[in-house]
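One structure is given here, and the rest of the page talks about it.
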Amino acid sequence: MQRIALFASGSGSNAGKIADHFAASVEVEISLVLTNNPKAGVIDRARGGFGTGQIHAPVLMFDRTTFYQTNRIVELLQKQEIDLIVLAGFMWLIPAQLVRAFPNRIVNIHPALLPKFGGKGMYGHFVHEAVVAAGETESGITIHYVNEQYDEGAVLFQATCPVVSTDSPDDVARKVQLLEHAHYPRVVEEVLNQMKNVQ
Ligand code: GRF
């Protein structure tokens, strides 16, 4: 069994798609959902069994001090024998001790074509607003490994969508979200398969 820990700070629609993707799997399990946000939609999604109603993952909430000034999250993930950490709309920078404990075993999705429109402060709506303001003709998603800098780890996968001059940031967000939901679960599965092959 390969074990995933999902980190999310918001609605958790990507976390939900990933959980549903593996709902029937006997090889992959969503072992834990972690969030820094007591109001995150992902909490209700996880407790309600995600979209299919079948995947009830325990939810752990943590605060900034625990995350950055203790080793408790790393220890928990190690104790639970987590194979892959999947960030799905998780807003905080991953601390160095967690990156080092899970080398090439943390993935993130960014709602633009990195290296453009990445870095601190570039999240959610800010990304799509910047894309439209820059007059870009395309945007998309980037799925990448996580290192100690925001949005700078090695790219695993990108997919693009057109941006037309009449598109609002909301229009771009909708197109990008379709790409996220279509590709993130599948890419996570590929990463897990690759890990199996090298173990
Ligand atoms: C997504 O756009 C993702 O790319 C970004 O945060 C958003 C999360 O959305 N990192 P959701 O919570 O999965 O709906």
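Letters A, B, ... go to the chains of the structure tokens in the order shown; residues in each chain start at 1; ligands are counted from 1 in the same order.
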
*Within 8 Å of ligand 1, counting only C-alpha atoms and all ligand atoms, residues as an MDAnalysis selection string*: chainID A and resid 8:16 41:42 87:91 108:112 123:124 141 173 176:177 180

Can you pull out the residues contacting Glu129 in chain A? Cut-off 12 Å, using only C-alpha atoms, and skip same-chain residues under 5 positions away; I want them as a short mmCIF file (atom, residue, chain, number, x, y, z; two decimals) with N, CA, C and O atoms, in the first residue's frame.
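The new file result20.cif reads:
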data_model
loop_
_atom_site.label_atom_id
_atom_site.label_comp_id
_atom_site.auth_asym_id
_atom_site.auth_seq_id
_atom_site.Cartn_x
_atom_site.Cartn_y
_atom_site.Cartn_z
N PRO A 111 -1.21 27.13 -10.34
CA PRO A 111 -2.18 27.43 -11.40
C PRO A 111 -1.66 28.40 -12.46
O PRO A 111 -2.36 29.36 -12.82
N ALA A 112 -0.47 28.17 -12.95
CA ALA A 112 0.09 28.97 -14.05
C ALA A 112 1.27 28.19 -14.61
O ALA A 112 1.64 27.13 -14.10
N PHE A 117 4.78 33.75 -13.23
CA PHE A 117 3.68 33.91 -12.28
C PHE A 117 3.77 32.97 -11.07
O PHE A 117 2.79 32.37 -10.65
N MET A 122 2.09 34.82 -5.09
CA MET A 122 1.43 34.40 -6.33
C MET A 122 0.62 33.14 -6.05
O MET A 122 1.12 32.01 -6.20
N TYR A 123 -0.60 33.33 -5.61
CA TYR A 123 -1.49 32.20 -5.37
C TYR A 123 -2.92 32.63 -5.69
O TYR A 123 -3.22 33.82 -5.76
N GLY A 124 -3.74 31.64 -5.91
CA GLY A 124 -5.17 31.87 -6.14
C GLY A 124 -5.42 32.94 -7.18
O GLY A 124 -4.80 32.96 -8.25
N ALA A 134 -0.93 40.90 -17.73
CA ALA A 134 0.27 40.83 -18.59
C ALA A 134 -0.09 40.58 -20.05
O ALA A 134 0.80 40.54 -20.91
N GLY A 135 -1.37 40.39 -20.34
CA GLY A 135 -1.79 40.17 -21.73
C GLY A 135 -1.33 38.83 -22.27
O GLY A 135 -1.12 38.67 -23.48
N GLU A 136 -1.20 37.85 -21.40
CA GLU A 136 -0.76 36.51 -21.84
C GLU A 136 -1.80 35.90 -22.79
O GLU A 136 -3.01 36.13 -22.63
N SER A 139 -2.34 30.30 -20.45
CA SER A 139 -1.95 30.00 -19.08
C SER A 139 -2.02 28.48 -18.93
O SER A 139 -2.00 27.76 -19.92
N VAL A 163 -5.71 31.88 -23.41
CA VAL A 163 -6.30 33.05 -22.75
C VAL A 163 -6.61 34.05 -23.86
O VAL A 163 -5.70 34.43 -24.61
N ASP A 167 -11.07 37.44 -21.80
CA ASP A 167 -11.12 36.63 -20.57
C ASP A 167 -10.88 37.49 -19.32
O ASP A 167 -9.93 38.29 -19.27
N SER A 168 -11.71 37.29 -18.31
CA SER A 168 -11.47 37.90 -17.00
C SER A 168 -10.62 36.92 -16.18
O SER A 168 -10.48 35.75 -16.56
N PRO A 169 -10.07 37.38 -15.05
CA PRO A 169 -9.34 36.43 -14.19
C PRO A 169 -10.20 35.23 -13.81
O PRO A 169 -9.71 34.10 -13.74
N ASP A 170 -11.49 35.45 -13.59
CA ASP A 170 -12.38 34.32 -13.26
C ASP A 170 -12.47 33.32 -14.41
O ASP A 170 -12.55 32.11 -14.19
N ASP A 171 -12.51 33.85 -15.63
CA ASP A 171 -12.56 32.95 -16.79
C ASP A 171 -11.31 32.08 -16.84
O ASP A 171 -11.36 30.88 -17.09
N VAL A 172 -10.17 32.74 -16.61
CA VAL A 172 -8.90 31.99 -16.64
C VAL A 172 -8.90 30.95 -15.51
O VAL A 172 -8.51 29.79 -15.70
N ALA A 173 -9.39 31.37 -14.33
CA ALA A 173 -9.42 30.44 -13.19
C ALA A 173 -10.22 29.19 -13.53
O ALA A 173 -9.83 28.07 -13.19
#

*Using only C-alpha atoms, find the one residue out of A:Val188, A:Ile30, A:Leu156, A:Leu84 that sits nearest to Gly49 in chain A.*
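Closest to Gly49 in chain A of all the choices is A:Ile30.
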
*So, counting only C-alpha atoms, which residue among A:Gln2, A:Ser165, A:Ser25, A:Thr52 is closest to Val131 in chain A?*
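Closest candidate: A:Ser165.
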
For the strand (DSSP E) assignment from backbone DSSP, which residues of range 85-194 of chain A qualify? Please present them as a compact mmCIF listing (two decimals) with C-alpha atoms, in the first residue's frame.
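Writing the result to selection26.txt gives the following:
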# COMPACT_ATOMS: atom_id res chain seq x y z
CA ILE A 85 2.98 14.36 0.27
CA VAL A 86 0.59 16.05 -2.14
CA LEU A 87 0.03 19.79 -1.77
CA ILE A 106 6.46 16.25 -2.09
CA VAL A 107 4.52 17.49 -5.11
CA ASN A 108 2.57 20.71 -5.69
CA ILE A 109 0.28 22.13 -8.32
CA HIS A 110 0.56 25.75 -9.35
CA GLU A 138 -2.03 31.23 -22.64
CA SER A 139 -1.95 30.00 -19.08
CA GLY A 140 -2.16 26.56 -17.55
CA ILE A 141 -0.90 24.37 -14.75
CA THR A 142 2.46 23.26 -13.46
CA ILE A 143 2.88 20.17 -11.32
CA HIS A 144 6.29 20.14 -9.69
CA TYR A 145 8.40 18.69 -6.93
CA VAL A 155 8.71 20.45 -13.13
CA LEU A 156 6.92 17.14 -13.60
CA PHE A 157 4.12 18.19 -15.92
CA GLN A 158 2.58 21.23 -17.57
CA ALA A 159 -0.65 21.68 -19.53
CA THR A 160 -1.83 24.86 -21.23
CA CYS A 161 -5.09 26.61 -22.01
CA PRO A 162 -5.68 29.61 -24.24
